[in-house]
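Reviewing the structure listed below.
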Amino acid sequence: QVQLAESGGGLVQPGGSLRLSCAAAGSIFSINVMAWYRQPPGRERELVASISFGGGHTNYADFVKGRFTISRDTARHTLYLQMNSLKPDDTAVYYCMGYSGHEAYWGQGTQVTVSS
C-alpha cells in the first residue's frame, strides 16, 4: 500500500503562485510514475502533469504548459507542483496520484482557489 498526502493549497489572486506538495509513504518502491490531477467545480477529473519517478521524464497538459512545473525529490519521497501565473480557471481540487504499473493510489486532494 502507498499513502499520499497533499498540502499547499489555498486562496490566491490571479497571477499569483502556489507550490503543492505530495508526501508519499508506504510501499513507495513500487511507484514508477506520479502525477497531479485536478477536478474543477462541476467537471471531471483531468490530468495536469506527470513525471517518471526514476528518469524524471515529464508531461504536461496544454492548459498548464509554461506555467506549471512538476518535480520530485526522491530522497524525501515528495512530489511537487509549482504553479505560476494562476488563472481563475485553475480553481479546482488538486490530487496527487502514484502508479505502480498495476494499481493507482490517490491522495485526498487539496483545494486551490484563484480569485480576486
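Ordered as shown in the C-alpha cells, chains take letters A, B, and onward, while each chain numbers its residues from 1 and ligands are numbered from 1 in the order shown.
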Report as a tab-separated table: every residue of segment 51-105 of chain A with an atom at most 7 Å from segment 12-29 of chain A, its closest pair of atoms, and their distance in Å to one decimal, counting only C-alpha atoms, with rows sorted by chain and ascending residue number.
residue	atom	partner	partner_atom	distance
A:His77	CA	A:Ala24	CA	5.5
A:Thr78	CA	A:Ala23	CA	4.6
A:Leu79	CA	A:Cys22	CA	4.9
A:Tyr80	CA	A:Ser21	CA	4.6
A:Leu81	CA	A:Leu20	CA	5.0
A:Gln82	CA	A:Arg19	CA	4.4
A:Met83	CA	A:Leu18	CA	5.3
A:Asn84	CA	A:Ser17	CA	4.4
A:Ser85	CA	A:Gly15	CA	4.2
A:Leu86	CA	A:Gly15	CA	4.9
A:Lys87	CA	A:Pro14	CA	5.1
A:Pro88	CA	A:Pro14	CA	6.4
A:Cys96	CA	A:Cys22	CA	6.3
Expected file contents, prior selection, N, CA, C and O atoms, as an mmCIF file, in the first residue's frame:
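Everything below was put into again-v5.cif:
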data_model
loop_
_atom_site.group_PDB
_atom_site.id
_atom_site.type_symbol
_atom_site.label_atom_id
_atom_site.label_comp_id
_atom_site.auth_asym_id
_atom_site.auth_seq_id
_atom_site.Cartn_x
_atom_site.Cartn_y
_atom_site.Cartn_z
ATOM 1 N N HIS A 77 10.918 11.478 -0.874
ATOM 2 C CA HIS A 77 9.676 10.803 -1.304
ATOM 3 C C HIS A 77 8.551 11.815 -1.467
ATOM 4 O O HIS A 77 7.429 11.596 -0.988
ATOM 5 N N THR A 78 8.843 12.924 -2.101
ATOM 6 C CA THR A 78 7.878 14.005 -2.221
ATOM 7 C C THR A 78 7.761 14.470 -3.664
ATOM 8 O O THR A 78 8.760 14.587 -4.367
ATOM 9 N N LEU A 79 6.531 14.721 -4.062
ATOM 10 C CA LEU A 79 6.209 15.252 -5.386
ATOM 11 C C LEU A 79 5.769 16.701 -5.218
ATOM 12 O O LEU A 79 5.106 17.029 -4.230
ATOM 13 N N TYR A 80 6.134 17.553 -6.182
ATOM 14 C CA TYR A 80 5.785 18.962 -6.119
ATOM 15 C C TYR A 80 5.078 19.408 -7.394
ATOM 16 O O TYR A 80 5.248 18.820 -8.455
ATOM 17 N N LEU A 81 4.306 20.478 -7.261
ATOM 18 C CA LEU A 81 3.745 21.159 -8.421
ATOM 19 C C LEU A 81 3.868 22.654 -8.165
ATOM 20 O O LEU A 81 3.163 23.199 -7.313
ATOM 21 N N GLN A 82 4.775 23.287 -8.882
ATOM 22 C CA GLN A 82 4.921 24.740 -8.813
ATOM 23 C C GLN A 82 3.967 25.350 -9.822
ATOM 24 O O GLN A 82 4.049 25.052 -11.020
ATOM 25 N N MET A 83 3.072 26.200 -9.332
ATOM 26 C CA MET A 83 2.049 26.791 -10.189
ATOM 27 C C MET A 83 2.250 28.304 -10.213
ATOM 28 O O MET A 83 2.139 28.966 -9.170
ATOM 29 N N ASN A 84 2.537 28.832 -11.388
ATOM 30 C CA ASN A 84 2.726 30.264 -11.574
ATOM 31 C C ASN A 84 1.668 30.818 -12.510
ATOM 32 O O ASN A 84 0.995 30.070 -13.227
ATOM 33 N N SER A 85 1.524 32.137 -12.518
ATOM 34 C CA SER A 85 0.564 32.814 -13.397
ATOM 35 C C SER A 85 -0.815 32.167 -13.299
ATOM 36 O O SER A 85 -1.455 31.866 -14.315
ATOM 37 N N LEU A 86 -1.267 31.969 -12.091
ATOM 38 C CA LEU A 86 -2.546 31.277 -11.885
ATOM 39 C C LEU A 86 -3.720 32.091 -12.411
ATOM 40 O O LEU A 86 -3.729 33.322 -12.342
ATOM 41 N N LYS A 87 -4.696 31.362 -12.924
ATOM 42 C CA LYS A 87 -5.903 31.946 -13.502
ATOM 43 C C LYS A 87 -7.121 31.438 -12.733
ATOM 44 O O LYS A 87 -7.068 30.358 -12.130
ATOM 45 N N PRO A 88 -8.230 32.154 -12.797
ATOM 46 C CA PRO A 88 -9.449 31.645 -12.146
ATOM 47 C C PRO A 88 -9.837 30.247 -12.634
ATOM 48 O O PRO A 88 -10.365 29.453 -11.852
ATOM 49 N N CYS A 96 -2.910 14.219 -5.957
ATOM 50 C CA CYS A 96 -1.663 13.532 -6.252
ATOM 51 C C CYS A 96 -1.991 12.067 -6.551
ATOM 52 O O CYS A 96 -2.851 11.476 -5.880
#
Could you tell me, as an mmCIF file with C-alpha atoms, in the first residue's frame, which residues of chain A DSSP assigns to helix (DSSP H, G or I) when given the backbone?
data_model
loop_
_atom_site.group_PDB
_atom_site.id
_atom_site.type_symbol
_atom_site.label_atom_id
_atom_site.label_comp_id
_atom_site.auth_asym_id
_atom_site.auth_seq_id
_atom_site.Cartn_x
_atom_site.Cartn_y
_atom_site.Cartn_z
ATOM 1 C CA ILE A 28 6.849 3.674 -2.451
ATOM 2 C CA PHE A 29 9.438 1.464 -4.153
ATOM 3 C CA SER A 30 6.583 0.162 -6.297
ATOM 4 C CA ASP A 62 -1.606 22.006 -22.819
ATOM 5 C CA PHE A 63 -3.522 24.302 -20.476
ATOM 6 C CA VAL A 64 -0.611 24.465 -17.972
ATOM 7 C CA PRO A 88 -9.449 31.645 -12.146
ATOM 8 C CA ASP A 89 -9.869 28.602 -14.437
ATOM 9 C CA ASP A 90 -7.182 26.843 -12.373
#
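Residues in contact with Leu11 of chain A at up to 10 Å, not including ones fewer than 4 positions away on its chain and judged by only C-alpha atoms, are Gly16, Leu18, Thr91, Gln111, Val112, Thr113, Val114, Ser115 and Ser116 of chain A.
With only C-alpha atoms as the atoms that count, the minimum distance from Ala75 of chain A to the choices A:Gly54, A:Gly9, A:Arg43, A:Gly98 is reached by A:Gly54.
Within the 6 Å cut-off around Arg38 of chain A, using only C-alpha atoms and omitting residues fewer than 2 positions from it on the same chain, the listed residues are Arg45, Glu46, Ala92, Val93, Tyr94 and Tyr95 of chain A.
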Emit the selected residues as a compact mmCIF listing (two decimals), in the first residue's frame, including C-alpha atoms.
# COMPACT_ATOMS: atom_id res chain seq x y z
CA ARG A 45 -11.00 14.98 -13.02
CA GLU A 46 -8.27 15.84 -15.54
CA ALA A 92 -10.01 23.04 -8.55
CA VAL A 93 -9.25 20.31 -6.08
CA TYR A 94 -5.77 19.05 -6.91
CA TYR A 95 -4.95 15.38 -6.39
Write out as a list in words which residues come within 10 Å of His102 of chain A when counting only C-alpha atoms, dropping same-chain ones fewer than 2 positions away.
Ser30, Ile31, Tyr99, Ser100 and Ala104 of chain A
I need the residues of chain A that end up classed as strand (DSSP E or B) by DSSP on the backbone, written out as a ChimeraX atom specification.
/A:2-7,10-12,18-26,33-39,46-52,58-60,68-73,78-83,92-99,104-106,110-114
When you look at Met97 of chain A with a cut-off of 8 Å (counting only C-alpha atoms), what residues show up, excluding the ones that are within fewer than 2 positions of it in the same chain? I need them as a ChimeraX atom specification.
/A:4,34-37,95,99,104-107
Expected file: the selected residues, C-alpha atoms, as a PDB file, in the first residue's frame:
ATOM      1  CA  LEU A   4      -0.213  10.043  -0.402  1.00  0.00           C
ATOM      2  CA  MET A  34       3.484  10.102 -10.273  1.00  0.00           C
ATOM      3  CA  ALA A  35       1.085  12.777 -11.427  1.00  0.00           C
ATOM      4  CA  TRP A  36      -1.076  15.702 -10.467  1.00  0.00           C
ATOM      5  CA  TYR A  37      -4.731  15.697 -11.456  1.00  0.00           C
ATOM      6  CA  TYR A  95      -4.954  15.378  -6.388  1.00  0.00           C
ATOM      7  CA  TYR A  99       1.011   4.453 -10.281  1.00  0.00           C
ATOM      8  CA  ALA A 104      -3.149   3.670  -8.843  1.00  0.00           C
ATOM      9  CA  TYR A 105      -3.037   5.372  -5.458  1.00  0.00           C
ATOM     10  CA  TRP A 106      -4.666   8.718  -4.727  1.00  0.00           C
ATOM     11  CA  GLY A 107      -4.365  11.384  -2.081  1.00  0.00           C
TER      12      GLY A 107
END
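What separates atom CA of Val48 of chain A from atom CA of Ala61 of chain A is a distance of 5.3 Å.
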